[in-house]
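Asks: Sending over data-v6.cif (mmCIF, C-alpha atoms and all ligand atoms).
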```
data_protein
loop_
_atom_site.group_PDB
_atom_site.id
_atom_site.type_symbol
_atom_site.label_atom_id
_atom_site.label_comp_id
_atom_site.auth_asym_id
_atom_site.auth_seq_id
_atom_site.Cartn_x
_atom_site.Cartn_y
_atom_site.Cartn_z
ATOM 1 C CA MET A 46 1.050 21.926 -4.717
ATOM 2 C CA ILE A 47 0.191 18.728 -6.641
ATOM 3 C CA ARG A 48 3.191 17.394 -8.538
ATOM 4 C CA ASN A 49 2.589 15.282 -11.672
ATOM 5 C CA ILE A 50 5.366 12.715 -11.942
ATOM 6 C CA LEU A 51 6.533 9.971 -14.254
ATOM 7 C CA LEU A 52 8.616 7.349 -12.440
ATOM 8 C CA ASP A 53 11.379 5.437 -14.240
ATOM 9 C CA CYS A 54 12.535 2.629 -11.976
ATOM 10 C CA ASP A 55 14.064 -0.845 -11.602
ATOM 11 C CA PRO A 56 11.806 -2.618 -9.028
ATOM 12 C CA GLY A 57 13.646 -3.605 -6.796
ATOM 13 C CA ILE A 58 12.496 -3.374 -3.193
ATOM 14 C CA ASP A 59 13.107 0.330 -2.562
ATOM 15 C CA ASP A 60 11.608 1.155 -5.970
ATOM 16 C CA VAL A 61 8.432 -0.669 -4.873
ATOM 17 C CA LEU A 62 8.496 1.307 -1.614
ATOM 18 C CA ALA A 63 8.811 4.463 -3.738
ATOM 19 C CA ILE A 64 5.714 3.428 -5.756
ATOM 20 C CA LEU A 65 3.754 2.703 -2.542
ATOM 21 C CA PHE A 66 4.865 6.061 -1.091
ATOM 22 C CA ALA A 67 4.037 8.014 -4.264
ATOM 23 C CA LEU A 68 0.522 6.548 -4.504
ATOM 24 C CA ASN A 69 -0.365 7.583 -0.946
ATOM 25 C CA GLU A 70 1.540 10.919 -0.880
ATOM 26 C CA PRO A 71 -1.161 13.611 -1.280
ATOM 27 C CA GLU A 72 1.125 15.987 -3.203
ATOM 28 C CA ILE A 73 2.013 13.390 -5.867
ATOM 29 C CA ASN A 74 0.010 12.445 -8.967
ATOM 30 C CA LEU A 75 1.740 9.414 -10.513
ATOM 31 C CA LEU A 76 1.041 9.511 -14.252
ATOM 32 C CA GLY A 77 2.880 6.326 -15.175
ATOM 33 C CA ILE A 78 5.803 3.992 -14.537
ATOM 34 C CA SER A 79 8.542 2.976 -16.979
ATOM 35 C CA ILE A 80 10.733 0.012 -16.125
ATOM 36 C CA VAL A 81 14.463 -0.278 -16.726
ATOM 37 C CA ALA A 82 16.740 -3.285 -16.205
ATOM 38 C CA GLY A 83 18.796 -2.852 -13.060
ATOM 39 C CA ASN A 84 18.132 -4.460 -9.700
ATOM 40 C CA ALA A 85 16.262 -7.104 -11.686
ATOM 41 C CA ARG A 86 15.856 -8.066 -15.339
ATOM 42 C CA VAL A 87 13.417 -5.740 -17.101
ATOM 43 C CA ASP A 88 10.749 -8.450 -17.554
ATOM 44 C CA ASP A 89 10.875 -9.198 -13.818
ATOM 45 C CA GLY A 90 10.688 -5.466 -13.111
ATOM 46 C CA VAL A 91 7.575 -5.108 -15.265
ATOM 47 C CA ARG A 92 5.928 -8.094 -13.600
ATOM 48 C CA ASN A 93 6.849 -6.748 -10.144
ATOM 49 C CA ALA A 94 5.352 -3.322 -10.842
ATOM 50 C CA LEU A 95 2.142 -4.757 -12.327
ATOM 51 C CA SER A 96 1.629 -7.271 -9.531
ATOM 52 C CA VAL A 97 2.201 -4.656 -6.810
ATOM 53 C CA LEU A 98 -0.245 -2.242 -8.500
ATOM 54 C CA GLU A 99 -2.839 -5.034 -8.592
ATOM 55 C CA LEU A 100 -2.168 -5.894 -4.950
ATOM 56 C CA ILE A 101 -3.061 -2.313 -3.948
ATOM 57 C CA ASP A 102 -5.928 -2.011 -6.489
ATOM 58 C CA ARG A 103 -4.192 0.613 -8.600
ATOM 59 C CA GLU A 104 -4.491 -1.002 -12.021
ATOM 60 C CA ASP A 105 -5.174 2.533 -13.309
ATOM 61 C CA ILE A 106 -1.443 3.319 -13.324
ATOM 62 C CA PRO A 107 0.105 2.498 -16.733
ATOM 63 C CA VAL A 108 3.364 0.531 -16.791
ATOM 64 C CA VAL A 109 5.670 0.404 -19.810
ATOM 65 C CA GLN A 110 8.700 -1.805 -20.450
ATOM 66 C CA GLY A 111 12.003 -0.057 -21.190
ATOM 67 C CA ALA A 112 15.604 -1.079 -21.726
ATOM 68 C CA SER A 113 16.776 -4.607 -21.006
ATOM 69 C CA GLN A 114 20.478 -3.706 -21.245
ATOM 70 C CA PRO A 115 22.615 -0.636 -20.404
ATOM 71 C CA PHE A 116 24.081 1.525 -23.175
ATOM 72 C CA SER A 117 27.463 -0.024 -22.602
ATOM 73 C CA GLY A 118 28.714 -3.014 -20.645
ATOM 74 C CA ARG A 119 26.592 -5.871 -19.354
ATOM 75 C CA LEU A 120 23.581 -5.803 -17.011
ATOM 76 C CA ILE A 121 24.544 -6.275 -13.357
ATOM 77 C CA THR A 122 21.461 -7.175 -11.287
ATOM 78 C CA SER A 123 21.296 -7.139 -7.475
ATOM 79 C CA ALA A 124 19.728 -10.442 -6.436
ATOM 80 C CA LEU A 125 21.533 -10.422 -3.066
ATOM 81 C CA VAL A 126 19.864 -7.120 -2.125
ATOM 82 C CA HIS A 127 16.485 -7.434 -3.864
ATOM 83 C CA GLY A 128 15.994 -11.199 -4.360
ATOM 84 C CA GLU A 129 16.348 -13.262 -7.534
ATOM 85 C CA ASN A 130 13.018 -11.905 -8.841
ATOM 86 C CA GLY A 131 13.656 -8.348 -7.613
ATOM 87 C CA LEU A 132 10.783 -8.641 -5.113
ATOM 88 C CA ALA A 133 12.462 -10.279 -2.114
ATOM 89 C CA ASN A 134 11.618 -13.638 -3.786
ATOM 90 C CA ILE A 135 7.958 -13.025 -2.852
ATOM 91 C CA GLN A 136 5.673 -14.693 -5.393
ATOM 92 C CA LEU A 137 2.657 -12.409 -5.893
ATOM 93 C CA PRO A 138 -0.180 -13.672 -8.138
ATOM 94 C CA ARG A 139 0.707 -13.379 -11.835
ATOM 95 C CA PRO A 140 -0.629 -9.951 -12.872
ATOM 96 C CA ARG A 141 -3.806 -9.793 -14.979
ATOM 97 C CA MET A 142 -2.671 -6.406 -16.346
ATOM 98 C CA SER A 143 -0.274 -6.115 -19.287
ATOM 99 C CA PRO A 144 2.249 -3.350 -19.817
ATOM 100 C CA VAL A 145 1.377 -0.546 -22.263
ATOM 101 C CA SER A 146 2.186 -1.802 -25.774
ATOM 102 C CA MET A 147 4.578 1.060 -26.621
ATOM 103 C CA ASN A 148 8.283 1.445 -26.113
ATOM 104 C CA SER A 149 9.231 3.501 -23.077
ATOM 105 C CA SER A 150 10.666 6.416 -25.087
ATOM 106 C CA ASP A 151 7.421 6.935 -27.015
ATOM 107 C CA PHE A 152 5.293 6.479 -23.874
ATOM 108 C CA LEU A 153 7.338 8.967 -21.840
ATOM 109 C CA ASN A 154 7.470 11.419 -24.764
ATOM 110 C CA GLU A 155 3.681 11.236 -25.184
ATOM 111 C CA LYS A 156 3.055 11.888 -21.482
ATOM 112 C CA LEU A 157 5.617 14.696 -21.353
ATOM 113 C CA ASN A 158 3.943 16.427 -24.299
ATOM 114 C CA GLU A 159 0.500 15.949 -22.723
ATOM 115 C CA PHE A 160 1.600 17.486 -19.408
ATOM 116 C CA SER A 161 4.191 19.823 -20.899
ATOM 117 C CA GLY A 162 5.950 21.940 -18.280
ATOM 118 C CA ASP A 163 3.862 20.493 -15.469
ATOM 119 C CA VAL A 164 5.534 17.131 -14.936
ATOM 120 C CA ASP A 165 8.630 15.888 -13.109
ATOM 121 C CA LEU A 166 10.578 12.903 -14.389
ATOM 122 C CA VAL A 167 11.811 10.876 -11.417
ATOM 123 C CA ALA A 168 14.495 8.260 -12.097
ATOM 124 C CA THR A 169 15.332 5.687 -9.428
ATOM 125 C CA GLY A 170 17.166 3.110 -11.521
ATOM 126 C CA PRO A 171 19.974 3.063 -14.070
ATOM 127 C CA LEU A 172 19.368 5.998 -16.450
ATOM 128 C CA THR A 173 19.198 3.972 -19.654
ATOM 129 C CA ASN A 174 15.516 4.752 -20.380
ATOM 130 C CA VAL A 175 16.001 8.491 -19.822
ATOM 131 C CA ALA A 176 19.060 8.528 -22.099
ATOM 132 C CA ARG A 177 17.154 6.565 -24.751
ATOM 133 C CA LEU A 178 14.265 9.065 -24.490
ATOM 134 C CA LEU A 179 16.778 11.881 -25.049
ATOM 135 C CA LYS A 180 18.210 10.087 -28.092
ATOM 136 C CA LYS A 181 14.877 9.236 -29.747
ATOM 137 C CA HIS A 182 13.011 12.432 -28.798
ATOM 138 C CA PRO A 183 15.709 15.109 -28.294
ATOM 139 C CA ASP A 184 13.092 17.776 -27.537
ATOM 140 C CA SER A 185 11.166 15.676 -25.013
ATOM 141 C CA LEU A 186 12.995 16.904 -21.923
ATOM 142 C CA ARG A 187 11.951 20.470 -22.888
ATOM 143 C CA HIS A 188 8.552 19.506 -21.409
ATOM 144 C CA VAL A 189 10.064 18.302 -18.104
ATOM 145 C CA ASN A 190 9.678 20.659 -15.165
ATOM 146 C CA ARG A 191 12.402 18.904 -13.115
ATOM 147 C CA LEU A 192 14.526 15.773 -13.606
ATOM 148 C CA ILE A 193 14.898 14.129 -10.194
ATOM 149 C CA ILE A 194 17.565 11.429 -10.044
ATOM 150 C CA MET A 195 18.351 8.996 -7.247
ATOM 151 C CA GLY A 196 21.996 8.192 -7.858
ATOM 152 C CA GLY A 197 25.641 9.010 -7.385
ATOM 153 C CA ALA A 198 27.876 9.328 -4.354
ATOM 154 C CA ILE A 199 29.942 12.491 -3.814
ATOM 155 C CA ASP A 200 31.477 12.771 -0.330
ATOM 156 C CA VAL A 201 30.606 9.208 0.756
ATOM 157 C CA PRO A 202 31.777 5.804 -0.525
ATOM 158 C CA GLY A 203 29.911 4.063 -3.313
ATOM 159 C CA ASN A 204 27.773 0.967 -2.798
ATOM 160 C CA ILE A 205 28.723 -1.097 -5.852
ATOM 161 C CA THR A 206 32.414 -0.119 -5.876
ATOM 162 C CA PRO A 207 34.245 1.986 -3.273
ATOM 163 C CA PHE A 208 33.712 4.997 -5.571
ATOM 164 C CA ALA A 209 30.456 4.449 -7.481
ATOM 165 C CA GLU A 210 26.779 4.228 -6.629
ATOM 166 C CA TYR A 211 24.816 1.426 -8.352
ATOM 167 C CA ASN A 212 22.451 3.397 -10.642
ATOM 168 C CA PHE A 213 25.327 5.451 -12.078
ATOM 169 C CA PHE A 214 27.714 2.491 -12.303
ATOM 170 C CA ALA A 215 25.120 0.278 -14.026
ATOM 171 C CA ASP A 216 25.043 2.598 -17.056
ATOM 172 C CA VAL A 217 27.734 5.301 -16.906
ATOM 173 C CA ILE A 218 27.082 6.497 -20.495
ATOM 174 C CA ALA A 219 23.426 7.107 -19.672
ATOM 175 C CA ALA A 220 24.247 8.743 -16.335
ATOM 176 C CA ASP A 221 26.736 11.084 -18.036
ATOM 177 C CA ALA A 222 24.167 12.025 -20.724
ATOM 178 C CA CYS A 223 21.452 12.735 -18.142
ATOM 179 C CA ILE A 224 23.446 14.958 -15.814
ATOM 180 C CA ARG A 225 24.571 17.017 -18.801
ATOM 181 C CA THR A 226 21.005 17.841 -19.916
ATOM 182 C CA GLU A 227 19.692 21.416 -19.761
ATOM 183 C CA VAL A 228 16.764 20.274 -17.591
ATOM 184 C CA PRO A 229 16.650 21.644 -14.014
ATOM 185 C CA THR A 230 17.925 18.625 -12.091
ATOM 186 C CA ILE A 231 17.700 17.543 -8.466
ATOM 187 C CA LEU A 232 20.127 14.795 -7.419
ATOM 188 C CA VAL A 233 19.400 12.516 -4.454
ATOM 189 C CA PRO A 234 22.770 10.759 -3.896
ATOM 190 C CA LEU A 235 23.967 8.245 -1.321
ATOM 191 C CA ASP A 236 25.251 11.233 0.677
ATOM 192 C CA VAL A 237 21.664 11.815 1.845
ATOM 193 C CA THR A 238 20.061 8.394 1.323
ATOM 194 C CA THR A 239 22.573 6.640 3.598
ATOM 195 C CA SER A 240 22.375 9.331 6.313
ATOM 196 C CA PHE A 241 19.805 7.300 8.290
ATOM 197 C CA LEU A 242 18.270 3.813 8.471
ATOM 198 C CA PHE A 243 14.675 2.642 8.344
ATOM 199 C CA THR A 244 14.917 0.227 11.279
ATOM 200 C CA SER A 245 13.041 -2.882 12.403
ATOM 201 C CA LYS A 246 11.409 -0.644 15.040
ATOM 202 C CA ASP A 247 10.202 1.726 12.317
ATOM 203 C CA LEU A 248 8.791 -1.283 10.467
ATOM 204 C CA GLN A 249 6.869 -2.453 13.529
ATOM 205 C CA GLU A 250 5.282 1.027 13.816
ATOM 206 C CA VAL A 251 4.019 0.697 10.237
ATOM 207 C CA LEU A 252 2.496 -2.775 10.519
ATOM 208 C CA GLY A 253 -1.020 -2.549 11.930
ATOM 209 C CA LYS A 254 -3.864 -4.887 11.089
ATOM 210 C CA LYS A 255 -2.928 -8.151 9.417
ATOM 211 C CA THR A 256 -3.784 -7.523 5.761
ATOM 212 C CA LYS A 257 -2.397 -8.948 2.505
ATOM 213 C CA ILE A 258 -0.687 -5.628 1.787
ATOM 214 C CA ASN A 259 0.778 -5.324 5.295
ATOM 215 C CA ASN A 260 2.075 -8.864 5.075
ATOM 216 C CA PHE A 261 3.695 -8.044 1.728
ATOM 217 C CA ILE A 262 5.299 -4.843 3.062
ATOM 218 C CA GLU A 263 6.587 -6.706 6.124
ATOM 219 C CA ARG A 264 8.185 -9.494 4.053
ATOM 220 C CA LEU A 265 9.628 -7.017 1.558
ATOM 221 C CA ILE A 266 11.309 -4.790 4.179
ATOM 222 C CA LYS A 267 12.452 -7.696 6.370
ATOM 223 C CA PHE A 268 14.279 -9.163 3.332
ATOM 224 C CA TYR A 269 15.836 -5.756 2.596
ATOM 225 C CA ILE A 270 16.943 -5.288 6.253
ATOM 226 C CA GLY A 271 18.174 -8.890 6.217
ATOM 227 C CA PHE A 272 20.715 -8.004 3.533
ATOM 228 C CA GLU A 273 22.069 -5.040 5.517
ATOM 229 C CA ARG A 274 22.156 -7.118 8.720
ATOM 230 C CA ARG A 275 23.935 -10.037 7.058
ATOM 231 C CA PHE A 276 26.579 -8.069 5.186
ATOM 232 C CA TYR A 277 26.935 -4.843 7.206
ATOM 233 C CA HIS A 278 25.538 -5.781 10.651
ATOM 234 C CA LEU A 279 23.009 -2.931 10.375
ATOM 235 C CA ASP A 280 19.524 -3.168 11.890
ATOM 236 C CA GLY A 281 17.807 -1.316 9.114
ATOM 237 C CA CYS A 282 17.722 -0.445 5.419
ATOM 238 C CA PHE A 283 18.212 2.641 3.280
ATOM 239 C CA LEU A 284 15.222 4.325 1.633
ATOM 240 C CA HIS A 285 17.088 5.489 -1.472
ATOM 241 C CA ASP A 286 14.148 5.630 -3.886
ATOM 242 C CA PRO A 287 11.399 6.851 -1.539
ATOM 243 C CA LEU A 288 13.669 9.847 -0.845
ATOM 244 C CA ALA A 289 13.587 10.710 -4.574
ATOM 245 C CA ILE A 290 9.777 10.746 -4.332
ATOM 246 C CA ALA A 291 10.057 13.015 -1.272
ATOM 247 C CA ALA A 292 12.259 15.391 -3.292
ATOM 248 C CA ALA A 293 9.517 15.581 -5.928
ATOM 249 C CA SER A 294 6.816 16.081 -3.308
ATOM 250 C CA ASP A 295 8.588 18.659 -1.117
ATOM 251 C CA VAL A 296 12.205 19.563 -1.867
ATOM 252 C CA SER A 297 12.174 21.878 1.184
ATOM 253 C CA LEU A 298 12.657 18.710 3.256
ATOM 254 C CA PHE A 299 16.257 18.720 1.979
ATOM 255 C CA GLU A 300 19.314 20.910 2.341
ATOM 256 C CA THR A 301 20.686 21.230 -1.194
ATOM 257 C CA LYS A 302 23.829 22.684 -2.754
ATOM 258 C CA ALA A 303 24.252 23.750 -6.394
ATOM 259 C CA GLU A 304 27.043 21.429 -7.552
ATOM 260 C CA LYS A 305 28.986 21.190 -10.837
ATOM 261 C CA LEU A 306 29.311 17.438 -11.339
ATOM 262 C CA HIS A 307 31.048 15.053 -13.700
ATOM 263 C CA VAL A 308 30.591 11.270 -14.040
ATOM 264 C CA ASN A 309 33.718 9.256 -14.752
ATOM 265 C CA THR A 310 33.004 7.073 -17.785
ATOM 266 C CA VAL A 311 36.593 6.114 -18.593
ATOM 267 C CA HIS A 312 38.886 4.997 -15.772
ATOM 268 C CA PRO A 313 37.923 1.425 -14.814
ATOM 269 C CA LEU A 314 38.761 1.887 -11.114
ATOM 270 C CA THR A 315 36.517 4.925 -10.649
ATOM 271 C CA ARG A 316 33.958 4.150 -13.392
ATOM 272 C CA GLY A 317 30.576 5.660 -12.416
ATOM 273 C CA ALA A 318 32.117 7.843 -9.703
ATOM 274 C CA LEU A 319 30.794 11.395 -9.375
ATOM 275 C CA PHE A 320 33.311 14.254 -9.092
ATOM 276 C CA ARG A 321 32.998 18.001 -8.603
ATOM 277 C CA ARG A 322 34.438 19.799 -11.657
ATOM 278 C CA LYS A 323 34.632 23.638 -11.849
ATOM 279 C CA SER A 324 34.637 23.643 -15.665
ATOM 280 C CA VAL A 325 31.158 22.069 -15.833
ATOM 281 C CA VAL A 326 28.585 24.704 -16.796
ATOM 282 C CA LYS A 327 25.365 23.169 -15.456
ATOM 283 C CA THR A 328 24.708 23.167 -11.728
ATOM 284 C CA ILE A 329 22.652 20.409 -10.127
ATOM 285 C CA ASP A 330 20.661 20.934 -6.906
ATOM 286 C CA THR A 331 22.234 18.158 -4.849
ATOM 287 C CA CYS A 332 20.559 16.911 -1.676
ATOM 288 C CA PHE A 333 22.998 16.458 1.211
ATOM 289 C CA ARG A 334 20.759 16.454 4.299
ATOM 290 C CA VAL A 335 17.084 15.712 4.922
ATOM 291 C CA LYS A 336 14.628 16.456 7.732
ATOM 292 C CA LYS A 337 14.650 12.747 8.627
ATOM 293 C CA ASP A 338 11.835 12.810 11.196
ATOM 294 C CA VAL A 339 9.468 14.752 8.931
ATOM 295 C CA PHE A 340 10.241 12.436 6.005
ATOM 296 C CA LEU A 341 9.878 9.231 8.056
ATOM 297 C CA LYS A 342 6.536 10.435 9.458
ATOM 298 C CA ARG A 343 5.190 10.997 5.929
ATOM 299 C CA PHE A 344 6.679 7.765 4.577
ATOM 300 C CA LYS A 345 5.298 5.663 7.443
ATOM 301 C CA LYS A 346 1.891 7.354 7.142
ATOM 302 C CA SER A 347 1.762 6.465 3.446
ATOM 303 C CA LEU A 348 2.442 2.778 4.189
ATOM 304 C CA MET A 349 -0.002 2.699 7.112
ATOM 305 C CA ASN A 350 -2.764 4.031 4.831
ATOM 306 C CA TYR A 351 -2.839 0.838 2.749
HETATM 307 O O1 LIG B 401 22.226 2.720 -5.108
HETATM 308 C C1 LIG B 401 20.868 2.635 -4.750
HETATM 309 C C2 LIG B 401 20.007 2.576 -5.962
HETATM 310 O O2 LIG B 401 20.365 1.435 -6.758
HETATM 311 C C3 LIG B 401 18.521 2.401 -5.634
HETATM 312 O O3 LIG B 401 17.754 3.012 -6.630
HETATM 313 C C4 LIG B 401 18.343 0.922 -5.682
HETATM 314 O O4 LIG B 401 16.994 0.544 -5.995
HETATM 315 C C5 LIG B 401 19.253 0.544 -6.824
HETATM 316 O O5 LIG B 401 18.545 0.770 -8.045
HETATM 317 CA CA CA B 402 16.138 1.665 -7.859
#
```
Starting from the coordinates I provided, produce the structure as structure tokens.
Replies:
Amino acid sequence: MIRNILLDCDPGIDDVLAILFALNEPEINLLGISIVAGNARVDDGVRNALSVLELIDREDIPVVQGASQPFSGRLITSALVHGENGLANIQLPRPRMSPVSMNSSDFLNEKLNEFSGDVDLVATGPLTNVARLLKKHPDSLRHVNRLIIMGGAIDVPGNITPFAEYNFFADVIAADACIRTEVPTILVPLDVTTSFLFTSKDLQEVLGKKTKINNFIERLIKFYIGFERRFYHLDGCFLHDPLAIAAASDVSLFETKAEKLHVNTVHPLTRGALFRRKSVVKTIDTCFRVKKDVFLKRFKKSLMNY
């Protein structure tokens, strides 16, 4: 079944890998990309998305600029993980393309109305753009088939604090607003995204002929693995955002549980942490395990097809 998706992201290395995966995953039709400040400043994120789309000759995919700051607090970027420019400090040619000259809320709302009921909204960055869409166009999410969010950490430690995952921590007010929506929601938390590594060996299997794109993918992933090796002595990286694309493409790859979840927006120590709470009405299909080998085969195939 072909899934129409809109991707809201903060490119960011694994967001770029999610874009590359989505554009070569047969079951995915990527309608557009909105950029949110997160791993990198929003202007860097826009430039990164445009330059990667040009690198792979996919200038047909519209990119729109979204929020430059979270709803509350200050922007915390992740240069150590993703590079100062959000693209492993790789300098691709300045993009010829420009972003769509609309704000992200109006762009997303327009696309959701056009594809009403037959489109998933996939969010792999801080949820500021999705929360702003909700605020400006309260009825917009009525047109969303599924809201698929990469974020949160439930039974595993966080990655920005011991309790909180980065996307939720970066904008707790937005995260809280999004998980409360009526939209059928699939959550892809650290519980599943940190259950395996994409290793240097996996990378070697992907790199075939020496092409511009292969060289880019190699440099991007080696930088990403370099962070994990330097700080956590791991020989691999986590494919957080590509797993959100996999959930959109084929959620049967995952073991999910219907969870009643609450984001802490108050206590400074556990700000952004995700807790189970019986009194919450909405249940969220939460991914806890994935068929790793099946996913990796599809992910690698998508990269090898560039
Ligand atoms: O915690 C992992 C998430 O935060 C990923 O989406 C990564 O790109 C960063 O945005
Ligand atoms: Ca991301």
Asks: Tell me, as number ranges by chain, which residues lie within 12 Å of Gln249 of chain A, counting only C-alpha atoms; anything in the same chain fewer than 3 positions away does not count.
Replies: A: 243-246, 252-254, 259-260, 262-264, 266-267, 281, 345, 348-349
Asks: When the PyMOL selection byres (((not hetatm)) within 6 of (chain B and resi 402)) is applied to the file above, which residues end up in the set, as a count of residues only?
Replies: 7
Asks: Provide the atom CA of Leu98 of chain A to atom CA of Thr122 of chain A distance in Å, to one decimal place.
Replies: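 Between atom CA of Leu98 of chain A and atom CA of Thr122 of chain A the gap works out to 22.4 Å.
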Asks: Using all atoms listed in the file, which protein or nucleic acid residues are at most 7 Å from ligand LIG 401 (chain B), as number ranges by chain?
Replies: A: 55-60, 83-84, 169-171, 195-196, 204, 210-212, 235, 285-286
Asks: Could you spell out the hits of the PyMOL selection byres (((chain A and resi 78) around 8) and not hetatm) on the shown file, as a short mmCIF file (atom, residue, chain, number, x, y, z; two decimals) with C-alpha atoms, in the coordinates of the input?
Replies:
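Dumped to part.cif:
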```
data_model
loop_
_atom_site.label_atom_id
_atom_site.label_comp_id
_atom_site.auth_asym_id
_atom_site.auth_seq_id
_atom_site.Cartn_x
_atom_site.Cartn_y
_atom_site.Cartn_z
CA LEU A 51 6.53 9.97 -14.25
CA LEU A 52 8.62 7.35 -12.44
CA ASP A 53 11.38 5.44 -14.24
CA CYS A 54 12.54 2.63 -11.98
CA LEU A 75 1.74 9.41 -10.51
CA LEU A 76 1.04 9.51 -14.25
CA GLY A 77 2.88 6.33 -15.18
CA SER A 79 8.54 2.98 -16.98
CA ILE A 80 10.73 0.01 -16.12
CA ILE A 106 -1.44 3.32 -13.32
CA PRO A 107 0.10 2.50 -16.73
CA VAL A 108 3.36 0.53 -16.79
CA VAL A 109 5.67 0.40 -19.81
#
```
Asks: Could you check which of A:Leu172, A:Ala85, A:Ser143, A:Val325 is closest to Glu104 of chain A, using all atoms listed in the file?
Replies: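 Residue with the minimum atom-to-atom distance to Glu104 of chain A: A:Ser143.
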Asks: Evaluating the PyMOL selection byres (((chain A and resi 242) around 9) and not hetatm) on the displayed file yields which residues, as a PyMOL selection string?
Replies: chain A and resi 238-241+243-244+279-284
Asks: Generate the coordinates of N, CA, C and O atoms for segment 221-234 of chain A; report them as a compact mmCIF listing (two decimals), keeping the file's coordinate frame.
Replies:
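Heads up, here's the output in part-v4.txt:
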```txt
# COMPACT_ATOMS: atom_id res chain seq x y z
N ASP A 221 26.00 9.91 -17.54
CA ASP A 221 26.74 11.08 -18.04
C ASP A 221 25.83 11.95 -18.93
O ASP A 221 25.77 13.17 -18.76
N ALA A 222 25.07 11.28 -19.81
CA ALA A 222 24.17 12.02 -20.72
C ALA A 222 23.10 12.77 -19.93
O ALA A 222 22.78 13.93 -20.21
N CYS A 223 22.57 12.13 -18.89
CA CYS A 223 21.45 12.74 -18.14
C CYS A 223 21.90 13.92 -17.30
O CYS A 223 21.21 14.95 -17.26
N ILE A 224 23.09 13.82 -16.66
CA ILE A 224 23.45 14.96 -15.81
C ILE A 224 23.94 16.14 -16.64
O ILE A 224 24.06 17.24 -16.12
N ARG A 225 24.18 15.90 -17.93
CA ARG A 225 24.57 17.02 -18.80
C ARG A 225 23.38 17.76 -19.40
O ARG A 225 23.56 18.81 -20.03
N THR A 226 22.16 17.22 -19.23
CA THR A 226 21.00 17.84 -19.92
C THR A 226 20.76 19.25 -19.37
O THR A 226 21.13 19.58 -18.24
N GLU A 227 20.03 20.03 -20.15
CA GLU A 227 19.69 21.42 -19.76
C GLU A 227 18.59 21.44 -18.70
O GLU A 227 18.31 22.46 -18.10
N VAL A 228 17.94 20.30 -18.47
CA VAL A 228 16.76 20.27 -17.59
C VAL A 228 17.16 20.60 -16.14
O VAL A 228 18.19 20.09 -15.67
N PRO A 229 16.38 21.45 -15.46
CA PRO A 229 16.65 21.64 -14.01
C PRO A 229 16.64 20.29 -13.31
O PRO A 229 15.68 19.53 -13.43
N THR A 230 17.74 19.98 -12.64
CA THR A 230 17.92 18.62 -12.09
C THR A 230 18.13 18.68 -10.59
O THR A 230 18.85 19.55 -10.08
N ILE A 231 17.48 17.75 -9.91
CA ILE A 231 17.70 17.54 -8.47
C ILE A 231 18.32 16.15 -8.32
O ILE A 231 17.79 15.18 -8.85
N LEU A 232 19.46 16.08 -7.62
CA LEU A 232 20.13 14.80 -7.42
C LEU A 232 19.94 14.36 -5.97
O LEU A 232 20.12 15.16 -5.04
N VAL A 233 19.57 13.09 -5.80
CA VAL A 233 19.40 12.52 -4.45
C VAL A 233 20.44 11.40 -4.33
O VAL A 233 20.16 10.24 -4.68
N PRO A 234 21.67 11.72 -3.90
CA PRO A 234 22.77 10.76 -3.90
C PRO A 234 22.84 9.96 -2.60
O PRO A 234 22.10 10.23 -1.64
```
